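Shown next: target_34.cif, containing mmCIF, C-alpha atoms.
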```
data_model
loop_
_atom_site.label_atom_id
_atom_site.label_comp_id
_atom_site.auth_asym_id
_atom_site.auth_seq_id
_atom_site.Cartn_x
_atom_site.Cartn_y
_atom_site.Cartn_z
CA MET O 1 -0.72 57.49 -5.77
CA ASN O 2 0.71 56.25 -2.47
CA TYR O 3 4.39 55.69 -1.93
CA TYR O 4 5.93 52.98 0.24
CA SER O 5 9.41 52.53 1.60
CA GLU O 6 11.34 49.34 0.97
CA LYS O 7 10.54 48.30 4.53
CA ASP O 8 6.81 48.81 3.86
CA ILE O 9 7.10 46.59 0.85
CA ARG O 10 8.98 43.92 2.74
CA ASP O 11 6.26 43.95 5.39
CA ILE O 12 3.50 43.69 2.78
CA VAL O 13 5.26 40.84 1.01
CA ALA O 14 5.92 39.09 4.32
CA GLY O 15 2.23 39.39 5.19
CA VAL O 16 1.11 38.01 1.86
CA LEU O 17 3.60 35.15 2.10
CA ALA O 18 2.44 34.30 5.61
CA GLN O 19 -1.10 33.97 4.28
CA SER O 20 0.19 31.92 1.41
CA LYS O 21 1.91 29.58 3.89
CA LEU O 22 -1.38 29.18 5.72
CA ALA O 23 -2.96 28.20 2.43
CA VAL O 24 -0.48 25.37 1.95
CA ALA O 25 -0.41 24.30 5.61
CA GLY O 26 -0.71 20.53 5.65
CA GLY O 27 0.70 20.56 2.17
CA CYS O 28 3.77 18.76 1.02
CA THR O 29 6.64 19.01 -1.35
CA GLU O 30 8.33 16.13 -3.06
CA THR O 31 12.03 15.73 -3.60
CA SER O 32 12.90 14.68 -7.11
CA GLU O 33 15.68 12.30 -6.14
CA GLN O 34 14.91 8.63 -6.50
CA ILE O 35 15.72 6.13 -3.76
CA PRO O 36 15.83 2.40 -4.64
CA VAL O 37 12.99 0.31 -3.17
CA GLU O 38 13.66 -3.23 -1.95
CA VAL O 39 11.08 -5.82 -0.90
CA SER O 40 11.60 -7.95 2.21
CA ALA O 41 9.93 -11.34 2.09
CA ARG O 42 9.01 -13.02 5.38
CA HIS O 43 12.16 -14.09 7.25
CA VAL O 44 13.69 -15.01 10.58
CA HIS O 45 16.70 -13.67 12.49
CA LEU O 46 18.21 -16.15 15.00
CA THR O 47 20.63 -16.03 17.90
CA GLN O 48 23.50 -18.52 17.82
CA GLU O 49 21.74 -20.38 20.64
CA ALA O 50 18.46 -20.54 18.70
CA LEU O 51 20.32 -21.62 15.54
CA GLU O 52 21.90 -24.51 17.42
CA LYS O 53 18.58 -25.51 18.93
CA LEU O 54 16.98 -25.67 15.46
CA PHE O 55 19.92 -27.00 13.40
CA GLY O 56 22.14 -28.82 15.90
CA ARG O 57 25.06 -28.14 18.25
CA GLY O 58 27.83 -25.94 16.84
CA TYR O 59 25.86 -25.19 13.67
CA GLN O 60 26.96 -22.21 11.55
CA LEU O 61 24.77 -20.34 9.04
CA THR O 62 25.80 -20.84 5.41
CA LYS O 63 25.81 -17.76 3.18
CA LYS O 64 23.69 -18.08 0.05
CA LYS O 65 23.57 -14.47 -1.14
CA ASP O 66 24.68 -11.07 0.12
CA LEU O 67 21.85 -8.61 0.81
CA SER O 68 22.05 -4.92 0.05
CA GLN O 69 22.84 -3.81 3.59
CA PRO O 70 26.57 -4.38 4.26
CA GLY O 71 27.26 -7.62 6.17
CA GLU O 72 23.70 -8.93 5.92
CA PHE O 73 23.08 -12.12 3.98
CA LEU O 74 20.46 -14.66 2.97
CA SER O 75 21.45 -18.01 4.46
CA GLY O 76 20.83 -21.41 2.93
CA GLU O 77 18.82 -22.41 6.03
CA ARG O 78 15.02 -22.58 6.11
CA VAL O 79 12.54 -23.03 8.96
CA LYS O 80 8.82 -23.60 9.40
CA LEU O 81 6.59 -21.19 11.33
CA VAL O 82 3.70 -22.79 13.21
CA THR O 83 0.80 -21.41 15.23
CA GLN O 84 -2.31 -23.08 16.58
CA LYS O 85 -4.22 -21.99 13.49
CA GLY O 86 -1.77 -22.20 10.63
CA GLU O 87 1.74 -22.70 9.36
CA ILE O 88 4.15 -21.33 6.77
CA ALA O 89 6.97 -23.54 5.53
CA ASN O 90 10.26 -22.74 3.84
CA VAL O 91 10.88 -19.41 5.61
CA ALA O 92 14.30 -17.84 4.99
CA VAL O 93 16.82 -17.34 7.80
CA LEU O 94 18.90 -14.17 7.42
CA GLY O 95 22.44 -13.83 8.73
CA PRO O 96 24.54 -13.07 10.58
CA VAL O 97 23.10 -14.29 13.90
CA ARG O 98 21.83 -11.52 16.16
CA LYS O 99 21.33 -10.88 19.85
CA GLN O 100 17.59 -11.47 19.57
CA VAL O 101 15.35 -13.91 17.72
CA GLN O 102 13.02 -11.97 15.41
CA VAL O 103 10.36 -13.25 13.00
CA GLU O 104 9.13 -10.82 10.33
CA VAL O 105 5.90 -11.64 8.49
CA SER O 106 3.39 -9.66 6.44
CA ALA O 107 -0.14 -8.81 7.55
CA THR O 108 -1.32 -11.29 4.90
CA ASP O 109 0.86 -13.96 6.57
CA SER O 110 -0.66 -13.08 9.94
CA ARG O 111 -4.08 -14.04 8.50
CA THR O 112 -2.64 -17.34 7.24
CA LEU O 113 -1.24 -17.95 10.72
CA GLY O 114 -4.47 -16.82 12.40
CA ILE O 115 -2.74 -14.46 14.82
CA LYS O 116 -2.57 -10.74 15.49
CA VAL O 117 0.89 -9.34 14.81
CA PRO O 118 1.88 -5.76 15.70
CA VAL O 119 3.59 -3.42 13.25
CA CYS O 120 6.97 -2.61 14.81
CA LEU O 121 10.31 -1.29 13.83
CA SER O 122 12.84 -4.12 13.44
CA GLY O 123 14.60 -4.64 16.78
CA ASP O 124 11.66 -3.26 18.75
CA LEU O 125 9.74 -6.39 19.77
CA VAL O 126 7.50 -4.93 22.46
CA GLY O 127 4.18 -6.74 22.16
CA GLY O 128 5.44 -9.09 19.44
CA ALA O 129 3.43 -12.27 18.82
CA ASP O 130 4.48 -15.75 19.92
CA MET O 131 5.66 -18.24 17.31
CA LEU O 132 6.79 -21.84 17.15
CA ILE O 133 9.84 -22.15 14.89
CA ILE O 134 10.65 -25.63 13.61
CA GLY O 135 14.05 -26.65 12.24
CA PRO O 136 15.47 -30.03 11.17
CA GLU O 137 16.99 -30.70 14.59
CA GLY O 138 14.69 -28.99 17.02
CA ILE O 139 11.82 -26.71 17.96
CA LEU O 140 11.98 -23.19 19.37
CA GLU O 141 9.20 -21.48 21.29
CA ALA O 142 9.87 -17.86 20.31
CA LYS O 143 7.90 -15.68 22.71
CA GLU O 144 6.94 -12.14 21.64
CA CYS O 145 9.35 -12.26 18.69
CA THR O 146 7.03 -11.92 15.71
CA ILE O 147 6.34 -8.58 14.07
CA VAL O 148 5.18 -6.96 10.85
CA ALA O 149 8.16 -4.74 10.00
CA GLN O 150 7.42 -1.07 9.67
CA ALA O 151 8.62 0.32 6.35
CA HIS O 152 12.00 2.01 6.75
CA VAL O 153 14.72 3.70 4.78
CA HIS O 154 18.36 2.82 5.36
CA MET O 155 20.89 5.60 4.91
CA THR O 156 24.36 6.78 5.96
CA PRO O 157 24.88 9.90 8.11
CA GLU O 158 25.92 11.65 4.85
CA ASP O 159 22.62 10.68 3.17
CA ALA O 160 20.71 11.89 6.23
CA LYS O 161 22.47 15.23 6.08
CA HIS O 162 21.79 15.45 2.34
CA TYR O 163 18.05 14.84 2.83
CA GLY O 164 17.84 16.92 5.99
CA VAL O 165 16.46 14.06 8.09
CA THR O 166 17.52 12.34 11.30
CA ASP O 167 17.60 8.80 12.69
CA GLY O 168 14.14 7.74 13.87
CA GLN O 169 12.29 10.44 11.92
CA VAL O 170 9.04 9.38 10.24
CA LEU O 171 8.76 10.28 6.54
CA SER O 172 6.28 9.85 3.73
CA ILE O 173 7.80 8.13 0.71
CA ARG O 174 6.00 7.96 -2.63
CA LEU O 175 6.48 4.73 -4.60
CA GLN O 176 6.61 5.59 -8.29
CA THR O 177 4.78 2.74 -10.00
CA GLU O 178 1.82 2.17 -12.29
CA ARG O 179 -0.17 1.80 -9.06
CA PRO O 180 1.44 4.57 -7.02
CA ILE O 181 1.08 4.77 -3.25
CA THR O 182 2.71 6.91 -0.61
CA LEU O 183 3.85 5.17 2.56
CA ASP O 184 3.11 7.72 5.27
CA SER O 185 4.99 6.12 8.15
CA VAL O 186 8.50 5.27 6.96
CA ILE O 187 11.19 5.33 9.65
CA VAL O 188 14.65 6.72 8.90
CA ARG O 189 17.46 4.38 10.00
CA VAL O 190 20.84 6.07 9.96
CA LYS O 191 23.97 3.90 10.18
CA GLN O 192 27.46 4.37 8.78
CA ALA O 193 27.50 0.92 7.19
CA SER O 194 24.36 1.37 5.10
CA LYS O 195 23.27 1.37 1.50
CA LEU O 196 20.53 3.87 0.65
CA ALA O 197 17.30 1.85 0.19
CA VAL O 198 13.64 1.87 1.18
CA HIS O 199 12.56 -1.48 2.63
CA VAL O 200 8.92 -2.53 2.29
CA ASP O 201 7.18 -5.84 2.89
CA PHE O 202 5.20 -7.94 0.40
CA ASP O 203 1.84 -6.35 1.21
CA GLU O 204 3.17 -2.87 0.58
CA ALA O 205 4.99 -4.14 -2.53
CA ASN O 206 1.86 -5.80 -3.94
CA ALA O 207 -0.33 -2.81 -3.11
CA ALA O 208 2.02 -0.67 -5.21
CA LEU O 209 3.07 -3.34 -7.75
CA VAL O 210 6.71 -2.77 -6.81
CA ASP O 211 9.23 -4.43 -9.12
CA GLY O 212 13.03 -4.53 -9.26
CA ASN O 213 13.22 -1.08 -10.83
CA THR O 214 10.87 0.76 -8.46
CA THR O 215 12.13 3.88 -6.77
CA GLY O 216 10.65 6.10 -4.09
CA MET O 217 10.89 9.78 -3.35
CA ILE O 218 10.65 11.58 -0.03
CA VAL O 219 7.49 13.66 0.41
CA LYS O 220 7.96 16.40 2.97
CA ARG O 221 4.74 17.39 4.66
CA GLY O 222 4.55 21.11 5.50
CA MET Q 1 15.47 55.40 0.32
CA ASN Q 2 13.63 54.27 -2.83
CA TYR Q 3 9.90 54.76 -3.37
CA TYR Q 4 7.60 52.38 -5.25
CA SER Q 5 4.11 52.82 -6.62
CA GLU Q 6 1.35 50.45 -5.62
CA LYS Q 7 1.68 48.85 -9.05
CA ASP Q 8 5.40 48.30 -8.44
CA ILE Q 9 4.55 46.61 -5.18
CA ARG Q 10 1.88 44.43 -6.75
CA ASP Q 11 4.40 43.38 -9.39
CA ILE Q 12 7.02 42.58 -6.77
CA VAL Q 13 4.56 40.58 -4.67
CA ALA Q 14 3.28 38.78 -7.75
CA GLY Q 15 6.83 37.85 -8.67
CA VAL Q 16 7.62 36.54 -5.19
CA LEU Q 17 4.35 34.60 -5.11
CA ALA Q 18 5.06 33.05 -8.50
CA GLN Q 19 8.37 31.80 -7.14
CA SER Q 20 6.62 30.61 -4.01
CA LYS Q 21 4.15 28.64 -6.18
CA LEU Q 22 7.06 26.98 -7.92
CA ALA Q 23 8.38 25.98 -4.54
CA VAL Q 24 5.12 24.26 -3.60
CA ALA Q 25 4.45 22.75 -7.04
CA GLY Q 26 3.61 19.12 -6.42
CA GLY Q 27 2.34 20.10 -3.00
CA CYS Q 28 -0.96 19.00 -1.58
CA THR Q 29 -3.68 19.89 0.85
CA GLU Q 30 -5.82 17.42 2.73
CA THR Q 31 -9.55 17.65 3.31
CA SER Q 32 -10.58 16.89 6.86
CA GLU Q 33 -13.75 14.97 5.99
CA GLN Q 34 -13.61 11.25 6.49
CA ILE Q 35 -14.84 8.81 3.83
CA PRO Q 36 -15.57 5.19 4.83
CA VAL Q 37 -13.12 2.61 3.42
CA GLU Q 38 -14.39 -0.81 2.33
CA VAL Q 39 -12.28 -3.82 1.38
CA SER Q 40 -13.15 -5.92 -1.67
CA ALA Q 41 -12.07 -9.55 -1.43
CA ARG Q 42 -11.46 -11.47 -4.67
CA HIS Q 43 -14.73 -12.06 -6.51
CA VAL Q 44 -16.44 -12.83 -9.79
CA HIS Q 45 -19.20 -11.08 -11.75
CA LEU Q 46 -21.11 -13.36 -14.15
CA THR Q 47 -23.49 -12.93 -17.06
CA GLN Q 48 -26.75 -14.92 -16.90
CA GLU Q 49 -25.35 -17.14 -19.65
CA ALA Q 50 -22.10 -17.76 -17.70
CA LEU Q 51 -24.11 -18.40 -14.52
CA GLU Q 52 -26.15 -21.08 -16.28
CA LYS Q 53 -23.05 -22.66 -17.77
CA LEU Q 54 -21.48 -22.96 -14.30
CA PHE Q 55 -24.58 -23.71 -12.18
CA GLY Q 56 -27.10 -25.21 -14.61
CA ARG Q 57 -29.86 -24.14 -16.98
CA GLY Q 58 -32.24 -21.49 -15.65
CA TYR Q 59 -30.13 -20.96 -12.51
CA GLN Q 60 -30.70 -17.76 -10.50
CA LEU Q 61 -28.23 -16.20 -8.05
CA THR Q 62 -29.28 -16.38 -4.41
CA LYS Q 63 -28.79 -13.29 -2.27
CA LYS Q 64 -26.72 -13.84 0.89
CA LYS Q 65 -25.99 -10.26 1.92
CA ASP Q 66 -26.53 -6.77 0.55
CA LEU Q 67 -23.36 -4.84 -0.24
CA SER Q 68 -22.93 -1.14 0.40
CA GLN Q 69 -23.55 -0.05 -3.19
CA PRO Q 70 -27.33 -0.01 -3.83
CA GLY Q 71 -28.57 -3.16 -5.61
CA GLU Q 72 -25.25 -5.02 -5.32
CA PHE Q 73 -25.17 -8.21 -3.27
CA LEU Q 74 -22.98 -11.10 -2.17
CA SER Q 75 -24.52 -14.29 -3.54
CA GLY Q 76 -24.47 -17.70 -1.92
CA GLU Q 77 -22.68 -19.13 -4.98
CA ARG Q 78 -18.97 -19.91 -5.05
CA VAL Q 79 -16.62 -20.87 -7.89
CA LYS Q 80 -13.04 -22.05 -8.31
CA LEU Q 81 -10.47 -20.11 -10.33
CA VAL Q 82 -7.89 -22.24 -12.16
CA THR Q 83 -4.82 -21.41 -14.23
CA GLN Q 84 -2.04 -23.63 -15.54
CA LYS Q 85 0.06 -22.77 -12.49
CA GLY Q 86 -2.37 -22.48 -9.62
CA GLU Q 87 -5.91 -22.34 -8.31
CA ILE Q 88 -8.03 -20.50 -5.77
CA ALA Q 89 -11.18 -22.16 -4.45
CA ASN Q 90 -14.27 -20.78 -2.79
CA VAL Q 91 -14.36 -17.46 -4.66
CA ALA Q 92 -17.47 -15.31 -4.11
CA VAL Q 93 -19.89 -14.51 -6.93
CA LEU Q 94 -21.40 -11.03 -6.65
CA GLY Q 95 -24.86 -10.16 -7.94
CA PRO Q 96 -26.82 -9.15 -9.86
CA VAL Q 97 -25.62 -10.68 -13.12
CA ARG Q 98 -23.92 -8.23 -15.48
CA LYS Q 99 -23.36 -7.81 -19.20
CA GLN Q 100 -19.75 -9.00 -18.88
CA VAL Q 101 -17.94 -11.70 -16.97
CA GLN Q 102 -15.31 -10.11 -14.72
CA VAL Q 103 -12.87 -11.72 -12.28
CA GLU Q 104 -11.23 -9.44 -9.69
CA VAL Q 105 -8.18 -10.72 -7.83
CA SER Q 106 -5.36 -9.12 -5.86
CA ALA Q 107 -1.73 -8.89 -6.99
CA THR Q 108 -0.99 -11.45 -4.26
CA ASP Q 109 -3.59 -13.77 -5.83
CA SER Q 110 -1.96 -13.28 -9.24
CA ARG Q 111 1.26 -14.73 -7.76
CA THR Q 112 -0.69 -17.71 -6.39
CA LEU Q 113 -2.19 -18.20 -9.85
CA GLY Q 114 1.17 -17.66 -11.57
CA ILE Q 115 -0.18 -15.15 -14.08
CA LYS Q 116 0.27 -11.48 -14.86
CA VAL Q 117 -2.91 -9.49 -14.22
CA PRO Q 118 -3.28 -5.84 -15.24
CA VAL Q 119 -4.56 -3.16 -12.87
CA CYS Q 120 -7.78 -1.86 -14.46
CA LEU Q 121 -10.85 0.02 -13.51
CA SER Q 122 -13.81 -2.34 -13.02
CA GLY Q 123 -15.66 -2.66 -16.34
CA ASP Q 124 -12.54 -1.87 -18.35
CA LEU Q 125 -11.17 -5.29 -19.26
CA VAL Q 126 -8.73 -4.32 -22.00
CA GLY Q 127 -5.77 -6.64 -21.66
CA GLY Q 128 -7.40 -8.65 -18.87
CA ALA Q 129 -5.94 -12.08 -18.13
CA ASP Q 130 -7.54 -15.38 -19.11
CA MET Q 131 -9.10 -17.57 -16.40
CA LEU Q 132 -10.81 -20.93 -16.12
CA ILE Q 133 -13.86 -20.65 -13.86
CA ILE Q 134 -15.22 -23.90 -12.46
CA GLY Q 135 -18.72 -24.30 -11.06
CA PRO Q 136 -20.66 -27.33 -9.85
CA GLU Q 137 -22.30 -27.87 -13.25
CA GLY Q 138 -19.76 -26.65 -15.74
CA ILE Q 139 -16.57 -24.91 -16.76
CA LEU Q 140 -16.20 -21.47 -18.30
CA GLU Q 141 -13.16 -20.31 -20.25
CA ALA Q 142 -13.21 -16.62 -19.42
CA LYS Q 143 -10.91 -14.86 -21.90
CA GLU Q 144 -9.38 -11.50 -20.95
CA CYS Q 145 -11.76 -11.12 -18.00
CA THR Q 146 -9.39 -11.06 -15.03
CA ILE Q 147 -8.13 -7.82 -13.51
CA VAL Q 148 -6.71 -6.31 -10.34
CA ALA Q 149 -9.28 -3.61 -9.57
CA GLN Q 150 -7.93 -0.09 -9.37
CA ALA Q 151 -8.87 1.58 -6.09
CA HIS Q 152 -11.93 3.80 -6.56
CA VAL Q 153 -14.31 5.99 -4.62
CA HIS Q 154 -18.06 5.68 -5.17
CA MET Q 155 -20.09 8.87 -4.81
CA THR Q 156 -23.30 10.56 -5.89
CA PRO Q 157 -23.32 13.66 -8.14
CA GLU Q 158 -24.05 15.66 -4.96
CA ASP Q 159 -20.95 14.20 -3.25
CA ALA Q 160 -18.87 14.99 -6.34
CA LYS Q 161 -20.06 18.58 -6.30
CA HIS Q 162 -19.33 18.80 -2.57
CA TYR Q 163 -15.74 17.56 -3.02
CA GLY Q 164 -15.20 19.48 -6.26
CA VAL Q 165 -14.35 16.37 -8.26
CA THR Q 166 -15.68 14.74 -11.42
CA ASP Q 167 -16.36 11.22 -12.69
CA GLY Q 168 -13.14 9.58 -13.85
CA GLN Q 169 -10.86 11.99 -11.98
CA VAL Q 170 -7.81 10.46 -10.27
CA LEU Q 171 -7.36 11.40 -6.61
CA SER Q 172 -4.97 10.66 -3.79
CA ILE Q 173 -6.73 9.31 -0.71
CA ARG Q 174 -4.99 8.95 2.63
CA LEU Q 175 -5.97 5.92 4.71
CA GLN Q 176 -5.96 6.90 8.38
CA THR Q 177 -4.61 3.86 10.18
CA GLU Q 178 -1.79 2.90 12.50
CA ARG Q 179 0.09 2.09 9.27
CA PRO Q 180 -1.03 5.03 7.15
CA ILE Q 181 -0.65 5.03 3.39
CA THR Q 182 -1.90 7.32 0.66
CA LEU Q 183 -3.33 5.69 -2.45
CA ASP Q 184 -2.19 7.99 -5.24
CA SER Q 185 -4.33 6.64 -8.07
CA VAL Q 186 -7.93 6.41 -6.86
CA ILE Q 187 -10.58 6.83 -9.56
CA VAL Q 188 -13.76 8.80 -8.83
CA ARG Q 189 -16.92 6.92 -9.87
CA VAL Q 190 -19.99 9.14 -9.86
CA LYS Q 191 -23.43 7.52 -10.04
CA GLN Q 192 -26.79 8.58 -8.65
CA ALA Q 193 -27.40 5.25 -6.94
CA SER Q 194 -24.21 5.25 -4.86
CA LYS Q 195 -23.10 5.21 -1.28
CA LEU Q 196 -19.99 7.23 -0.50
CA ALA Q 197 -17.15 4.74 0.01
CA VAL Q 198 -13.53 4.11 -0.98
CA HIS Q 199 -13.04 0.57 -2.32
CA VAL Q 200 -9.61 -1.04 -1.94
CA ASP Q 201 -8.45 -4.62 -2.43
CA PHE Q 202 -6.85 -6.92 0.13
CA ASP Q 203 -3.26 -5.95 -0.72
CA GLU Q 204 -3.99 -2.28 -0.20
CA ALA Q 205 -5.98 -3.13 2.94
CA ASN Q 206 -3.17 -5.23 4.41
CA ALA Q 207 -0.51 -2.68 3.49
CA ALA Q 208 -2.48 -0.11 5.52
CA LEU Q 209 -3.95 -2.48 8.15
CA VAL Q 210 -7.46 -1.35 7.18
CA ASP Q 211 -10.21 -2.49 9.53
CA GLY Q 212 -13.95 -1.94 9.69
CA ASN Q 213 -13.54 1.53 11.13
CA THR Q 214 -10.94 2.87 8.70
CA THR Q 215 -11.66 6.11 6.90
CA GLY Q 216 -9.86 7.97 4.16
CA MET Q 217 -9.48 11.59 3.29
CA ILE Q 218 -8.95 13.19 -0.09
CA VAL Q 219 -5.52 14.72 -0.62
CA LYS Q 220 -5.56 17.36 -3.32
CA ARG Q 221 -2.26 17.76 -5.10
CA GLY Q 222 -1.42 21.27 -6.17
#
```

Would it be possible to restate this file's structure as C-alpha cells?
Amino acid sequence: MNYYSEKDIRDIVAGVLAQSKLAVAGGCTETSEQIPVEVSARHVHLTQEALEKLFGRGYQLTKKKDLSQPGEFLSGERVKLVTQKGEIANVAVLGPVRKQVQVEVSATDSRTLGIKVPVCLSGDLVGGADMLIIGPEGILEAKECTIVAQAHVHMTPEDAKHYGVTDGQVLSIRLQTERPITLDSVIVRVKQASKLAVHVDFDEANAALVDGNTTGMIVKRG
Amino acid sequence: MNYYSEKDIRDIVAGVLAQSKLAVAGGCTETSEQIPVEVSARHVHLTQEALEKLFGRGYQLTKKKDLSQPGEFLSGERVKLVTQKGEIANVAVLGPVRKQVQVEVSATDSRTLGIKVPVCLSGDLVGGADMLIIGPEGILEAKECTIVAQAHVHMTPEDAKHYGVTDGQVLSIRLQTERPITLDSVIVRVKQASKLAVHVDFDEANAALVDGNTTGMIVKRG
C-alpha cells in the first residue's frame, strides 16, 4: 500500500478536475432563475423634428400605454413604411421622441418590404436600411435607420451584479416553451432605470411560440 | 501530517467529482461536425383521392423539382388555404401523394389564418387544426390535418450510429449564423433512404437568419 500526503492528494484531485474541466469545455450551465420575456412588434422611434414632419408642426405624441421599461410608452400614432417593393401599414410609434429616427422590423417584414435589413443593437444604426415613412401630414425619407433588433436583456446594475454579467456582454438565453429555443446572441443592456426583461422580436417569438407567460434563463457557456 | 491509502484517495476524488458533476448538470458539449440546414416553406401533402377532388378525376402530380430527401419532390400544383378568419394563396403541394392529407404552416401563418395550430412531428396529426383547401376543380374540408412541423433532422442508420443518436430522440441543434440560435427540441428521424439535413420552418429560419449555406451542429446536453 502506498501512502500520500494531503498535498499529494490535493495535486491528484486537481489533476483529475483539470481533466474533467477539459471534458466539459464548450459546455454550459443554466441558471434556474426565470427572466420575463417580452415580444417587440415592429415599431418606429422618431425625433421631434421627424414627428412634426409626419404629423404636423408642434405635434406631440399621445400616450396610449406604458411599456415595461420605465418612461417608454406606446403612442396612439401610427405610420406606414414603404419601400420600392412593398409596404407595411399601421406601424406603431413608440415614445418619448429620441435623438435618432429608428425603424425596427422583423426579418419576415424585411421579406415583405423586399429589402435587406441588418441585425443591430437598438441605437446602433451603422449600415441600417433606408425607409420611406408616411404620416398623415408628411413623408420622411429615413436613411440608414431601419434595423432588425438584436435580442437583448434589460437589467439594472444590481441585476447585472446578481447574474455576474456586464453591459454589452453577449449571453445565451433559453426560452422555456413547448417549442424551446436558446437565443445565442443576446446583448446585456444595463441601465439604472430598467425592468428586468428579455426582449425578442416576432420571428424569435414565433420560432419559440412565446406567450405572455414565457420566461427565459441565462445559459452560461464554459 | 495525515496519510491516506489509495482507496481513501479514490473515495475523496470520487466524492469531489460527484459534486463537480452536480455543478455541470444541465451542461452540454457541442459536436464540431456541420449538418446542412434546409428551410421548409408552408406546404401541403395530399392523398390521391384528395388530389383528384382538388384537381379533377385521374389527376397526377407533376414534378417541378426534386427535394433533398430521396423520392420527395416539389410539384407544379398550388392550392389555397382558407379559414373563417384568413387565407393564404399559392401554397405548394409536395409529392408523391401520401396516405394522409397534411398541411404544414408556420406559427406566423397561423396568425394570418387566425387559428391555433399545434406543433407536431410530421405524420403525427393528433389535435391538428381544420383547414379548407381549395383547388382549381374542387374544395376539400381537411379535418385535423394542419400542423406546425417540429424541427427535425433526417439521417440514415449509419449517420445515427455515427452521432450516437436514435430515431425519435430529441436533440439540441445550434444554427451557426450571424444571429445564432439553438433549437432545443429537434427530433431525430432515421430512415435508410435519407439525406443528412436539419429541417426548420420559416419562423425558425428568420429567427436565425438562415441562408443557403447555414449549417447546424448537435449540442449534447449532459

Residue contacts of stretch 100-110 of chain O (9 Å, only C-alpha atoms) excluding same-chain residues fewer than 6 positions away, as a ChimeraX atom specification: /O:40-47,50,81,88,116-119,122-123,125,131,142,144-149,201-204 /Q:202-203,206-207,209

Since we have the selection now, will you write its residues out, keeping C-alpha atoms, as a compact mmCIF listing (two decimals), keeping the file's coordinate frame?
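part_21.txt written:
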```txt
# COMPACT_ATOMS: atom_id res chain seq x y z
CA SER O 40 11.60 -7.95 2.21
CA ALA O 41 9.93 -11.34 2.09
CA ARG O 42 9.01 -13.02 5.38
CA HIS O 43 12.16 -14.09 7.25
CA VAL O 44 13.69 -15.01 10.58
CA HIS O 45 16.70 -13.67 12.49
CA LEU O 46 18.21 -16.15 15.00
CA THR O 47 20.63 -16.03 17.90
CA ALA O 50 18.46 -20.54 18.70
CA LEU O 81 6.59 -21.19 11.33
CA ILE O 88 4.15 -21.33 6.77
CA LYS O 116 -2.57 -10.74 15.49
CA VAL O 117 0.89 -9.34 14.81
CA PRO O 118 1.88 -5.76 15.70
CA VAL O 119 3.59 -3.42 13.25
CA SER O 122 12.84 -4.12 13.44
CA GLY O 123 14.60 -4.64 16.78
CA LEU O 125 9.74 -6.39 19.77
CA MET O 131 5.66 -18.24 17.31
CA ALA O 142 9.87 -17.86 20.31
CA GLU O 144 6.94 -12.14 21.64
CA CYS O 145 9.35 -12.26 18.69
CA THR O 146 7.03 -11.92 15.71
CA ILE O 147 6.34 -8.58 14.07
CA VAL O 148 5.18 -6.96 10.85
CA ALA O 149 8.16 -4.74 10.00
CA ASP O 201 7.18 -5.84 2.89
CA PHE O 202 5.20 -7.94 0.40
CA ASP O 203 1.84 -6.35 1.21
CA GLU O 204 3.17 -2.87 0.58
CA PHE Q 202 -6.85 -6.92 0.13
CA ASP Q 203 -3.26 -5.95 -0.72
CA ASN Q 206 -3.17 -5.23 4.41
CA ALA Q 207 -0.51 -2.68 3.49
CA LEU Q 209 -3.95 -2.48 8.15
```

RMSD after least-squares fit, chain Q onto chain O [all C-alpha atoms, in order]: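 Per the least-squares fit, the RMSD is 1.0 Å.
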
d(atom CA of O:Ser185, atom CA of O:Gly71) in Å: 26.2 Å

O:Leu94 environment, 10 Å, only C-alpha atoms, sequence neighbours closer than 5 positions dropped, as a list in words: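 That gives His43, Val44, His45, Leu46, Leu61, Thr62, Lys63, Lys64, Lys65, Asp66, Leu67, Glu72, Phe73, Leu74, Ser75, Gly76, Glu77 and Arg78 of chain O.
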
Distance query 6 Å from (8.9, 8.6, 9.8) using all atoms listed in the file, result as a list of chain:residue names: O:Gln169, O:Val170, O:Leu171, O:Ser185, O:Val186, O:Ile187

Once you have the residues from the selection above, write them out as an mmCIF file, in the frame of the given file, restricted to C-alpha atoms.
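Below is the file part_21.cif, written as the result:
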```cif
data_model
loop_
_atom_site.group_PDB
_atom_site.id
_atom_site.type_symbol
_atom_site.label_atom_id
_atom_site.label_comp_id
_atom_site.auth_asym_id
_atom_site.auth_seq_id
_atom_site.Cartn_x
_atom_site.Cartn_y
_atom_site.Cartn_z
ATOM 1 C CA GLN O 169 12.290 10.440 11.920
ATOM 2 C CA VAL O 170 9.040 9.380 10.240
ATOM 3 C CA LEU O 171 8.760 10.280 6.540
ATOM 4 C CA SER O 185 4.990 6.120 8.150
ATOM 5 C CA VAL O 186 8.500 5.270 6.960
ATOM 6 C CA ILE O 187 11.190 5.330 9.650
#
```

Two-atom distance - atom CA of Q:Gly138, atom CA of Q:Cys120 (Å):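 Rounded to one decimal, the two atoms are 27.6 Å apart.
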
One-decimal distance in Å that lies between atom CA of Q:Met217 and atom CA of Q:Tyr163: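 Interatomic distance, atom CA of Q:Tyr163 to atom CA of Q:Met217: 10.7 Å.
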
Which polymer residues, protein or nucleic acid, are no farther than 12 Å from (4.0, 5.5, -12.9), counting all atoms listed in the file, as a PDB file with C-alpha atoms, keeping the file's coordinate frame?
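Written file, out-v9.pdb:
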```
ATOM      1  CA  ARG O 174       6.000   7.960  -2.630  1.00  0.00           C
ATOM      2  CA  LEU O 175       6.480   4.730  -4.600  1.00  0.00           C
ATOM      3  CA  GLN O 176       6.610   5.590  -8.290  1.00  0.00           C
ATOM      4  CA  THR O 177       4.780   2.740 -10.000  1.00  0.00           C
ATOM      5  CA  GLU O 178       1.820   2.170 -12.290  1.00  0.00           C
ATOM      6  CA  ARG O 179      -0.170   1.800  -9.060  1.00  0.00           C
ATOM      7  CA  PRO O 180       1.440   4.570  -7.020  1.00  0.00           C
ATOM      8  CA  ILE O 181       1.080   4.770  -3.250  1.00  0.00           C
ATOM      9  CA  ALA O 208       2.020  -0.670  -5.210  1.00  0.00           C
ATOM     10  CA  LEU O 209       3.070  -3.340  -7.750  1.00  0.00           C
ATOM     11  CA  VAL O 210       6.710  -2.770  -6.810  1.00  0.00           C
ATOM     12  CA  ASP O 211       9.230  -4.430  -9.120  1.00  0.00           C
ATOM     13  CA  ASN O 213      13.220  -1.080 -10.830  1.00  0.00           C
ATOM     14  CA  THR O 214      10.870   0.760  -8.460  1.00  0.00           C
ATOM     15  CA  THR O 215      12.130   3.880  -6.770  1.00  0.00           C
ATOM     16  CA  GLY O 216      10.650   6.100  -4.090  1.00  0.00           C
TER      17      GLY O 216
ATOM     18  CA  ASP Q 184      -2.190   7.990  -5.240  1.00  0.00           C
ATOM     19  CA  SER Q 185      -4.330   6.640  -8.070  1.00  0.00           C
TER      20      SER Q 185
END
```
